[in-house]
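The file start20.cif comes next; it holds mmCIF, C-alpha atoms and all ligand atoms.
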data_structure
loop_
_atom_site.label_atom_id
_atom_site.label_comp_id
_atom_site.auth_asym_id
_atom_site.auth_seq_id
_atom_site.Cartn_x
_atom_site.Cartn_y
_atom_site.Cartn_z
CA MET A 1 18.58 11.76 -8.48
CA ILE A 2 20.60 8.60 -8.02
CA PRO A 3 22.41 8.37 -4.70
CA ALA A 4 26.12 7.61 -4.93
CA PHE A 5 25.87 4.28 -3.20
CA LEU A 6 23.90 2.89 -6.09
CA SER A 7 26.81 3.39 -8.38
CA PHE A 8 28.44 0.03 -7.87
CA SER A 9 26.78 -1.84 -10.58
CA VAL A 10 25.17 -5.17 -10.23
CA CYS A 11 24.10 -6.85 -13.40
CA PHE A 12 21.48 -9.47 -13.05
CA PHE A 13 19.73 -11.19 -15.86
CA LEU A 14 16.93 -13.63 -16.01
CA LEU A 15 18.49 -16.99 -15.36
CA SER A 16 16.15 -19.20 -17.24
CA SER A 17 13.03 -18.97 -19.25
CA SER A 18 10.96 -21.41 -17.31
CA ALA A 19 7.37 -21.86 -18.24
CA ILE A 20 5.15 -18.97 -17.23
CA LEU A 21 2.60 -20.06 -14.70
CA PRO A 22 -0.19 -17.78 -13.64
CA VAL A 23 0.42 -16.91 -10.01
CA PHE A 24 -3.24 -16.44 -9.26
CA SER A 25 -5.76 -18.31 -11.20
CA ARG A 26 -7.65 -15.63 -13.02
CA SER A 27 -9.61 -18.24 -14.86
CA THR A 28 -11.66 -18.89 -11.72
CA LEU A 29 -12.96 -15.35 -11.80
CA PRO A 30 -16.30 -14.86 -13.51
CA THR A 31 -14.69 -12.18 -15.63
CA ASP A 32 -10.98 -11.97 -16.25
CA PRO A 33 -10.00 -8.44 -15.18
CA CYS A 34 -6.88 -8.65 -17.35
CA ASP A 35 -8.96 -9.15 -20.46
CA ALA A 36 -9.06 -5.69 -22.04
CA ALA A 37 -12.67 -6.32 -23.04
CA ASN A 38 -13.60 -6.33 -19.35
CA GLN A 39 -11.83 -3.08 -18.57
CA PRO A 40 -13.80 0.16 -18.63
CA GLU A 41 -12.53 2.77 -21.07
CA ARG A 42 -10.34 5.30 -19.37
CA ARG A 43 -12.39 8.28 -20.48
CA THR A 44 -15.44 6.83 -18.73
CA LEU A 45 -13.69 6.67 -15.36
CA ARG A 46 -14.72 9.30 -12.83
CA ALA A 47 -12.00 11.76 -11.87
CA ASP A 48 -13.76 13.53 -9.00
CA GLN A 49 -14.20 10.48 -6.79
CA ILE A 50 -12.14 7.62 -5.48
CA THR A 51 -12.71 3.88 -5.01
CA VAL A 52 -11.63 2.47 -1.66
CA LEU A 53 -10.28 -1.09 -1.54
CA ILE A 54 -10.02 -2.48 1.99
CA ASN A 55 -8.19 -5.70 2.52
CA GLY A 56 -10.00 -7.88 5.06
CA TYR A 57 -8.69 -11.11 6.50
CA SER A 58 -9.13 -11.39 10.23
CA GLU A 59 -12.65 -12.32 11.38
CA PHE A 60 -12.00 -10.98 14.82
CA ARG A 61 -11.40 -7.56 13.35
CA ILE A 62 -14.69 -7.43 11.42
CA PRO A 63 -16.24 -4.76 13.70
CA LEU A 64 -13.31 -2.42 13.04
CA LEU A 65 -13.38 -3.22 9.32
CA GLN A 66 -17.07 -2.38 9.24
CA GLN A 67 -16.50 0.90 11.03
CA ILE A 68 -13.74 1.90 8.63
CA ALA A 69 -15.82 0.93 5.58
CA ALA A 70 -18.81 2.91 6.89
CA THR A 71 -16.66 5.99 7.54
CA TYR A 72 -15.33 6.04 3.98
CA SER A 73 -18.75 5.35 2.49
CA ALA A 74 -20.03 8.51 4.20
CA SER A 75 -17.58 10.69 2.27
CA PRO A 76 -18.91 12.45 -0.84
CA LEU A 77 -15.48 11.87 -2.39
CA VAL A 78 -15.91 8.11 -2.35
CA SER A 79 -17.56 6.32 -5.23
CA THR A 80 -17.53 2.79 -3.84
CA VAL A 81 -15.98 0.94 -0.94
CA VAL A 82 -14.95 -2.60 -1.83
CA VAL A 83 -14.03 -5.00 0.94
CA LEU A 84 -11.66 -7.60 -0.51
CA TRP A 85 -12.02 -10.63 1.69
CA GLY A 86 -8.83 -12.68 1.45
CA ASN A 87 -9.28 -15.35 4.10
CA PRO A 88 -10.28 -18.62 2.41
CA ALA A 89 -11.14 -20.23 5.76
CA THR A 90 -14.02 -17.86 6.49
CA SER A 91 -17.37 -19.64 6.26
CA ALA A 92 -19.94 -18.70 3.64
CA GLN A 93 -22.36 -17.95 6.45
CA THR A 94 -20.07 -15.42 8.12
CA LEU A 95 -19.42 -13.78 4.78
CA ALA A 96 -23.12 -13.55 3.98
CA GLN A 97 -23.65 -11.93 7.36
CA LEU A 98 -20.80 -9.54 6.78
CA ALA A 99 -22.16 -8.61 3.36
CA HIS A 100 -25.52 -7.92 4.95
CA ASN A 101 -23.98 -5.89 7.77
CA LEU A 102 -21.94 -3.85 5.33
CA THR A 103 -25.02 -3.00 3.28
CA VAL A 104 -26.88 -1.93 6.39
CA SER A 105 -24.01 0.15 7.71
CA SER A 106 -23.40 1.94 4.44
CA PHE A 107 -24.89 5.35 4.82
CA GLY A 108 -24.08 8.36 2.73
CA PRO A 109 -23.78 8.48 -1.02
CA SER A 110 -21.57 5.48 -1.75
CA THR A 111 -22.12 1.76 -1.53
CA ILE A 112 -20.06 -0.89 0.20
CA SER A 113 -19.60 -4.20 -1.52
CA LEU A 114 -17.93 -7.39 -0.45
CA HIS A 115 -15.69 -9.25 -2.85
CA ARG A 116 -14.50 -12.68 -1.86
CA GLN A 117 -11.03 -13.17 -3.29
CA HIS A 118 -10.77 -16.20 -5.52
CA SER A 119 -7.25 -16.82 -4.37
CA ASP A 120 -5.39 -16.15 -1.16
CA SER A 121 -2.51 -14.70 -3.15
CA LEU A 122 -1.51 -11.29 -1.86
CA ASN A 123 -1.30 -10.24 -5.50
CA SER A 124 -5.07 -10.38 -5.79
CA ARG A 125 -5.50 -7.25 -3.69
CA PHE A 126 -4.29 -5.31 -6.73
CA LEU A 127 -6.59 -6.87 -9.32
CA PRO A 128 -8.14 -4.16 -11.54
CA LEU A 129 -11.70 -5.26 -10.86
CA PRO A 130 -14.03 -4.14 -13.66
CA SER A 131 -16.28 -2.53 -11.02
CA ILE A 132 -13.62 0.07 -10.13
CA ASN A 133 -15.07 3.06 -11.97
CA THR A 134 -12.74 5.84 -10.83
CA ARG A 135 -9.24 6.88 -11.86
CA ALA A 136 -8.10 7.14 -8.27
CA VAL A 137 -7.95 4.10 -6.01
CA LEU A 138 -7.26 4.10 -2.29
CA ILE A 139 -5.79 0.89 -0.93
CA ILE A 140 -5.97 0.41 2.83
CA ASP A 141 -5.50 -2.31 5.39
CA ASP A 142 -8.28 -3.15 7.81
CA ASP A 143 -6.45 -1.70 10.78
CA VAL A 144 -5.84 1.97 10.07
CA GLU A 145 -8.21 4.83 10.72
CA VAL A 146 -7.49 8.24 9.27
CA ASP A 147 -9.39 11.48 9.91
CA ALA A 148 -11.59 12.78 7.09
CA LYS A 149 -9.59 15.98 6.54
CA SER A 150 -6.35 14.09 6.02
CA PHE A 151 -8.05 11.71 3.59
CA GLU A 152 -9.42 14.68 1.64
CA PHE A 153 -6.03 16.34 1.60
CA ALA A 154 -4.35 13.16 0.36
CA PHE A 155 -6.90 12.82 -2.45
CA ARG A 156 -6.43 16.48 -3.39
CA THR A 157 -2.68 15.91 -3.46
CA TRP A 158 -3.17 12.92 -5.75
CA LYS A 159 -5.32 14.99 -8.14
CA SER A 160 -2.39 17.26 -8.85
CA ASN A 161 0.17 14.40 -8.84
CA GLN A 162 -1.65 11.59 -10.60
CA ASP A 163 1.42 9.63 -11.64
CA HIS A 164 2.68 9.24 -8.10
CA LEU A 165 1.99 6.91 -5.25
CA ILE A 166 0.66 8.92 -2.32
CA GLY A 167 0.62 7.78 1.29
CA PHE A 168 0.91 8.48 5.00
CA PHE A 169 3.27 5.64 5.89
CA VAL A 170 6.65 5.29 4.28
CA ARG A 171 9.80 3.21 4.43
CA SER A 172 13.10 3.08 2.56
CA HIS A 173 15.35 0.77 0.66
CA ASP A 174 19.07 1.03 1.14
CA ILE A 175 22.23 -0.90 0.46
CA ASP A 176 24.14 -2.73 3.16
CA LEU A 177 27.67 -2.03 2.07
CA SER A 178 29.15 -4.91 4.05
CA THR A 179 26.96 -7.58 2.43
CA LYS A 180 26.17 -5.68 -0.79
CA LYS A 181 22.54 -6.58 -0.29
CA TRP A 182 19.48 -4.42 -0.34
CA ILE A 183 17.85 -3.73 2.98
CA TYR A 184 14.45 -2.48 4.10
CA THR A 185 14.66 0.28 6.62
CA VAL A 186 13.50 3.65 7.93
CA HIS A 187 15.44 6.79 7.14
CA PRO A 188 14.68 9.90 9.14
CA GLU A 189 14.88 12.26 6.15
CA ARG A 190 13.92 10.32 3.06
CA TYR A 191 11.75 7.50 1.84
CA SER A 192 11.15 5.41 -1.27
CA ILE A 193 8.30 3.03 -0.38
CA VAL A 194 4.67 3.79 0.46
CA LEU A 195 2.91 1.17 2.56
CA THR A 196 -0.57 -0.14 1.76
CA LYS A 197 -1.76 0.97 5.17
CA PHE A 198 -2.87 3.98 3.13
CA MET A 199 -1.90 4.26 -0.53
CA ILE A 200 -3.55 6.30 -3.28
CA LEU A 201 -2.72 5.43 -6.85
CA ASP A 202 -4.00 5.60 -10.39
CA ARG A 203 -6.19 2.67 -11.41
CA ARG A 204 -3.92 1.92 -14.36
CA TYR A 205 -1.17 0.77 -12.00
CA LEU A 206 -3.45 -2.06 -10.84
CA PHE A 207 -3.56 -3.22 -14.43
CA ASP A 208 0.20 -2.78 -14.83
CA TYR A 209 0.85 -4.82 -11.68
CA SER A 210 -1.58 -7.63 -12.44
CA CYS A 211 -1.75 -7.88 -16.20
CA SER A 212 1.32 -6.49 -17.90
CA GLY A 213 5.09 -6.52 -17.63
CA GLY A 214 5.68 -9.86 -19.30
CA GLU A 215 7.85 -12.53 -17.80
CA ALA A 216 9.61 -10.22 -15.33
CA MET A 217 6.29 -9.27 -13.71
CA HIS A 218 5.24 -12.92 -13.63
CA ARG A 219 8.41 -13.79 -11.80
CA MET A 220 8.09 -10.94 -9.36
CA ARG A 221 4.46 -11.75 -8.58
CA ARG A 222 5.58 -15.30 -7.96
CA ILE A 223 8.16 -14.02 -5.48
CA VAL A 224 5.33 -12.27 -3.60
CA ASP A 225 3.54 -15.62 -3.37
CA GLU A 226 6.64 -17.49 -2.27
CA MET A 227 7.50 -14.92 0.38
CA ARG A 228 3.85 -14.37 1.35
CA ASN A 229 4.83 -10.75 1.71
CA CYS A 230 6.01 -7.69 -0.23
CA GLU A 231 3.13 -7.07 -2.64
CA ASP A 232 3.26 -3.45 -1.49
CA ILE A 233 6.98 -3.21 -2.25
CA LEU A 234 6.37 -4.66 -5.72
CA MET A 235 3.69 -2.04 -6.40
CA ASN A 236 6.27 0.60 -5.48
CA PHE A 237 8.66 -1.00 -7.98
CA VAL A 238 5.99 -0.98 -10.71
CA VAL A 239 5.08 2.68 -10.25
CA ALA A 240 8.65 3.93 -9.77
CA ASP A 241 9.71 2.02 -12.88
CA ARG A 242 6.99 3.73 -14.95
CA THR A 243 7.60 7.21 -13.61
CA ASN A 244 11.24 7.26 -12.58
CA ALA A 245 10.00 9.24 -9.61
CA ALA A 246 9.66 8.97 -5.86
CA PRO A 247 6.36 8.56 -4.04
CA LEU A 248 4.85 11.48 -2.14
CA LEU A 249 4.47 11.47 1.62
CA VAL A 250 1.49 13.36 2.93
CA GLY A 251 1.14 14.37 6.55
CA ALA A 252 -1.91 13.05 8.37
CA GLN A 253 -3.36 14.84 11.37
CA LYS A 254 -4.86 11.87 13.17
CA VAL A 255 -3.99 8.29 12.44
CA ARG A 256 -4.98 5.38 14.56
CA ASP A 257 -3.13 2.21 13.73
CA TRP A 258 -4.46 -0.92 15.36
CA GLY A 259 -1.67 -3.13 14.16
CA ASP A 260 -1.89 -6.22 12.06
CA ALA A 261 -3.01 -9.35 13.85
CA ARG A 262 -1.93 -11.60 11.01
CA ASN A 263 1.65 -10.64 11.37
CA ASP A 264 2.68 -9.14 14.64
CA ALA A 265 6.07 -8.16 13.28
CA SER A 266 4.52 -5.99 10.65
CA SER A 267 2.36 -4.31 13.22
CA ILE A 268 5.39 -3.31 15.24
CA ASP A 269 6.91 -2.15 12.02
CA GLY A 270 3.74 -0.45 10.91
CA ARG A 271 3.07 1.65 13.97
CA TRP A 272 6.05 3.78 13.23
CA SER A 273 4.53 6.77 11.59
CA TRP A 274 5.95 10.07 10.55
CA GLY A 275 2.97 11.54 12.28
CA LEU A 276 4.41 10.60 15.65
CA LYS A 277 6.23 13.08 17.78
CA GLU A 278 9.98 12.80 17.70
CA GLY A 279 10.40 11.13 21.09
CA GLU A 280 7.64 8.65 20.41
CA ALA A 281 9.11 7.78 17.06
CA ARG A 282 12.51 7.18 18.57
CA SER A 283 11.17 4.86 21.25
CA MET A 284 9.16 3.06 18.58
CA VAL A 285 12.26 2.53 16.49
CA ARG A 286 14.01 1.22 19.55
CA LYS A 287 11.21 -1.27 20.13
CA VAL A 288 11.38 -2.38 16.51
CA GLY A 289 15.11 -2.85 16.89
CA LEU A 290 14.68 -5.00 19.98
CA SER A 291 12.01 -7.23 18.57
CA SER A 292 13.39 -10.32 16.89
CA ARG A 293 10.19 -10.68 14.90
CA GLY A 294 10.60 -7.11 13.74
CA VAL A 295 14.15 -7.90 12.65
CA GLU A 296 12.97 -11.04 10.83
CA HIS A 297 10.21 -9.09 9.11
CA ARG A 298 12.60 -6.44 7.87
CA LYS A 299 15.06 -9.07 6.72
CA ARG A 300 12.40 -10.73 4.61
CA ARG A 301 11.39 -7.40 3.13
CA GLY A 302 15.04 -6.68 2.29
CA GLU A 303 15.22 -10.08 0.62
CA CYS A 304 12.19 -9.17 -1.51
CA ILE A 305 13.89 -5.96 -2.64
CA THR A 306 17.03 -7.92 -3.53
CA ARG A 307 15.04 -10.51 -5.48
CA PHE A 308 12.90 -7.95 -7.33
CA HIS A 309 16.03 -6.05 -8.29
CA LYS A 310 17.60 -9.24 -9.55
CA VAL A 311 14.65 -10.06 -11.79
CA LEU A 312 14.22 -6.53 -13.08
CA GLY A 313 17.94 -5.91 -13.58
CA ARG A 314 17.66 -2.35 -12.29
CA MET A 315 16.64 -0.52 -9.15
CA PRO A 316 13.66 1.71 -9.94
CA LEU A 317 12.98 2.96 -6.39
CA ARG A 318 13.72 6.67 -5.96
CA TYR A 319 13.97 8.71 -2.82
CA GLY A 320 11.56 11.42 -1.86
CA TYR A 321 12.28 14.04 0.78
CA GLY A 322 9.94 15.99 2.97
CA LYS A 323 6.26 15.81 3.57
CA LEU A 324 3.26 17.63 2.13
CA VAL A 325 1.18 19.18 4.86
CA ASN A 326 -2.23 20.71 4.73
CA SER A 327 -1.55 24.24 5.86
CA VAL A 328 -4.80 25.76 4.66
CA GLY A 329 -7.03 23.75 6.99
CA GLU A 330 -8.39 25.20 10.21
CA GLN A 331 -5.61 23.34 11.96
CA GLY A 332 -2.57 25.49 11.24
CA LEU A 333 1.01 24.29 11.32
CA CYS A 334 3.65 26.22 13.23
CA MET A 335 7.40 25.93 13.47
CA LYS A 336 8.54 24.94 16.93
CA GLY A 337 12.12 23.98 17.73
CA GLY A 338 12.81 23.50 14.04
CA ARG A 339 9.85 21.20 13.56
CA LEU A 340 6.36 21.67 12.21
CA VAL A 341 3.73 21.09 14.88
CA PHE A 342 0.02 21.79 15.06
CA CYS A 343 -0.35 25.35 16.32
CA ASP A 344 -2.58 24.29 19.19
CA GLN A 345 0.36 22.32 20.58
CA GLN A 346 2.43 25.48 20.85
C1 LIG B 1 -23.39 -8.65 11.88
O1 LIG B 1 -24.13 -7.82 12.77
C2 LIG B 1 -24.70 -8.52 13.86
C3 LIG B 1 -25.57 -7.53 14.61
O2 LIG B 1 -24.91 -6.35 14.91
C4 LIG B 1 -23.57 -9.09 14.72
O3 LIG B 1 -24.10 -9.79 15.82
C5 LIG B 1 -22.73 -10.01 13.87
O4 LIG B 1 -21.61 -10.47 14.62
C6 LIG B 1 -22.24 -9.32 12.61
N1 LIG B 1 -21.56 -10.31 11.81
C7 LIG B 1 -20.65 -10.07 10.88
C8 LIG B 1 -20.02 -11.22 10.23
O5 LIG B 1 -20.35 -8.94 10.58
#

Since I need it in another form, could you write the structure as structure tokens?
Amino acid sequence: MIPAFLSFSVCFFLLSSSAILPVFSRSTLPTDPCDAANQPERRTLRADQITVLINGYSEFRIPLLQQIAATYSASPLVSTVVVLWGNPATSAQTLAQLAHNLTVSSFGPSTISLHRQHSDSLNSRFLPLPSINTRAVLIIDDDVEVDAKSFEFAFRTWKSNQDHLIGFFVRSHDIDLSTKKWIYTVHPERYSIVLTKFMILDRRYLFDYSCSGGEAMHRMRRIVDEMRNCEDILMNFVVADRTNAAPLLVGAQKVRDWGDARNDASSIDGRWSWGLKEGEARSMVRKVGLSSRGVEHRKRRGECITRFHKVLGRMPLRYGYGKLVNSVGEQGLCMKGGRLVFCDQQ
């Protein structure tokens, strides 16, 4: 469904055919993940388990990162947990220690491995590493804890909706009619963007994002590097463009969001969850509105949407409505005042 406000047409074309530069230098990797020879065959990928990719950057948050990695590694649904370390300033000694600590703390059936990113490009969090041996991939930040039941429910939801992006945290694009520019916002009843605070997707989209799409994808990945932001929005563009469909929002029972120390604005932004009670959500939105950093953050994200649209020449993002909730768990959901709440809150 295409909302009416998209109907004013904006035609953008690629302005020039400048030389294509790789935005991250894949050649420095021991194996080029975009080389088809290094990609596992799809039929060999496991369908019953998921690979967890955690983005790590802040040294001061290592204890939390370790706790999150250990929790996922304990799940029988998880094949491997890969910590993608993106901070180039971290010493080799600290990383060796972290790698050791991760090995020690990995209990349960899956292993935890540490992968030092060869580039500090935000694009590299989506590299289709040859070691990812499952169809499903969970991408998370190092600051969000989710209860095991919600994780299981999200993975189950993905299994029956494998083309879609699945997540607990969503945002929207919209058009500002006065400036005719795209904006990044929160709508109470619909959404079009899943955040990488918790995002499940098919492995093939990592390849699509990093390795295919020709010059348009090159240009859009370069925008991510210039803006030092918006890789998550670009992934939403990639998937929506393939599927012509909206992402799916799944309801989580317990989410603890510690915020993002790298970018305070995004943490203010990020704490707004559909899992919050109505009053809490409203006061959170108010706080976001009052914070100038929050405003700046959203402006930059809107600019990314505008620039991606310009390169692509179309707006692939689609709206989804409603939220999938796990009503068969022990924790039932009840209607109260027109809203779904956990029955024990009745
Ligand atoms: C590793 O674990 C030791 C012992 O718990 C701790 O002192 C150290 O800070 C940890 N280092 C890293 C980098 O995880």

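For ligand LIG 1 (chain B), the set of protein, DNA and RNA residues within 7 Å, based on all atoms listed in the file, reads Ile62, Pro63, Thr94, Leu95, Gln97, Leu98 and Asn101 of chain A.
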
Nearest residue to A:Val186 out of A:Phe169, A:Tyr209, A:Phe107, A:Trp158, using all atoms listed in the file? A:Phe169

Quick one: of A:Thr103, A:Ser75, A:Gln117, A:Thr306, who's nearest to A:Tyr184, counting only C-alpha atoms? A:Thr306

Atom-to-atom span, atom CA of A:Lys180 and atom CA of A:His164, Å: 28.8 Å

Residue among A:Thr185, A:Asp241, A:Leu129, A:Phe155 lying closest to A:Gly294, counting all atoms listed in the file: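 Under the stated criterion, the closest residue is A:Thr185.
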
What is the atom CA of A:Arg256-atom CA of A:Arg298 distance in Å, reported with one decimal?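 That distance, rounded to one decimal, is 22.2 Å.
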
Report as JSON lines the residues of stretch 162-264 of chain A within 9 Å of stretch 138-146 of chain A, each with its shortest atom pair and distance in Å (one decimal), using all atoms listed in the file, ordered by chain and increasing residue number.
{"residue": "A:Leu195", "atom": "CA", "partner": "A:Ile140", "partner_atom": "CA", "distance": 8.9}
{"residue": "A:Thr196", "atom": "CA", "partner": "A:Ile140", "partner_atom": "CA", "distance": 5.5}
{"residue": "A:Lys197", "atom": "CA", "partner": "A:Ile140", "partner_atom": "CA", "distance": 4.8}
{"residue": "A:Phe198", "atom": "CA", "partner": "A:Ile140", "partner_atom": "CA", "distance": 4.7}
{"residue": "A:Met199", "atom": "CA", "partner": "A:Ile139", "partner_atom": "CA", "distance": 5.2}
{"residue": "A:Ile200", "atom": "CA", "partner": "A:Leu138", "partner_atom": "CA", "distance": 4.4}
{"residue": "A:Leu201", "atom": "CA", "partner": "A:Leu138", "partner_atom": "CA", "distance": 6.6}
{"residue": "A:Asp202", "atom": "CA", "partner": "A:Leu138", "partner_atom": "CA", "distance": 8.9}
{"residue": "A:Ala252", "atom": "CA", "partner": "A:Val146", "partner_atom": "CA", "distance": 7.4}
{"residue": "A:Gln253", "atom": "CA", "partner": "A:Val146", "partner_atom": "CA", "distance": 8.1}
{"residue": "A:Lys254", "atom": "CA", "partner": "A:Val146", "partner_atom": "CA", "distance": 5.9}
{"residue": "A:Val255", "atom": "CA", "partner": "A:Val146", "partner_atom": "CA", "distance": 4.7}
{"residue": "A:Arg256", "atom": "CA", "partner": "A:Glu145", "partner_atom": "CA", "distance": 5.0}
{"residue": "A:Asp257", "atom": "CA", "partner": "A:Val144", "partner_atom": "CA", "distance": 4.6}
{"residue": "A:Trp258", "atom": "CA", "partner": "A:Asp143", "partner_atom": "CA", "distance": 5.1}
{"residue": "A:Gly259", "atom": "CA", "partner": "A:Asp143", "partner_atom": "CA", "distance": 6.0}
{"residue": "A:Asp260", "atom": "CA", "partner": "A:Asp143", "partner_atom": "CA", "distance": 6.5}
{"residue": "A:Ala261", "atom": "CA", "partner": "A:Asp143", "partner_atom": "CA", "distance": 8.9}

Rounded to one decimal in Å, what is the spacing between atom CA of A:His309 and atom CA of A:Gly251?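 Atom CA of A:Gly251 lies at a distance of 29.3 Å from atom CA of A:His309.
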
Contacts of A:Arg219 at 8 Å (only C-alpha atoms; same-chain gap of 4+ positions) as a PyMOL selection string: chain A and resi 215+223+311

Spatial neighbours of A:Gln49, max dist 10 Å, only C-alpha atoms, sep filter under 5 positions, as a PDB file with C-alpha atoms, keeping the file's coordinate frame:
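Full text of result-v4.pdb as output:
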ATOM      1  CA  SER A  75     -17.580  10.690   2.270  1.00  0.00           C
ATOM      2  CA  PRO A  76     -18.910  12.450  -0.840  1.00  0.00           C
ATOM      3  CA  LEU A  77     -15.480  11.870  -2.390  1.00  0.00           C
ATOM      4  CA  VAL A  78     -15.910   8.110  -2.350  1.00  0.00           C
ATOM      5  CA  SER A  79     -17.560   6.320  -5.230  1.00  0.00           C
ATOM      6  CA  THR A  80     -17.530   2.790  -3.840  1.00  0.00           C
ATOM      7  CA  ASN A 133     -15.070   3.060 -11.970  1.00  0.00           C
ATOM      8  CA  THR A 134     -12.740   5.840 -10.830  1.00  0.00           C
ATOM      9  CA  ARG A 135      -9.240   6.880 -11.860  1.00  0.00           C
ATOM     10  CA  ALA A 136      -8.100   7.140  -8.270  1.00  0.00           C
ATOM     11  CA  VAL A 137      -7.950   4.100  -6.010  1.00  0.00           C
ATOM     12  CA  PHE A 155      -6.900  12.820  -2.450  1.00  0.00           C
TER      13      PHE A 155
END

Please list as a VMD selection string every residue within 10 Å of A:Trp182, counting all atoms listed in the file and excluding residues in the same chain fewer than 6 positions away. chain A and resid 173 to 176 299 301 to 307 309

Measuring between all atoms listed in the file, which one of A:Ile166, A:Leu206, A:Asp147, A:Ile132 shows the shortest distance to A:Leu45?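 Under the stated criterion, the closest residue is A:Ile132.
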
Long-range neighbours of A:Phe237 as a ChimeraX atom specification, 9 Å cut-off, all atoms listed in the file, 5 positions minimum in chain: /A:193,232,242,305,308-309,315-317

Using all atoms listed in the file, can you tell me which of A:Arg190, A:Arg203, A:Arg125, A:Arg314 comes closest to A:Ala240? A:Arg314

Find, counting all atoms listed in the file, the residue in A:Asn123, A:Ser150, A:Asn244, A:Ser210 that gets nearest to A:Arg228. A:Asn123
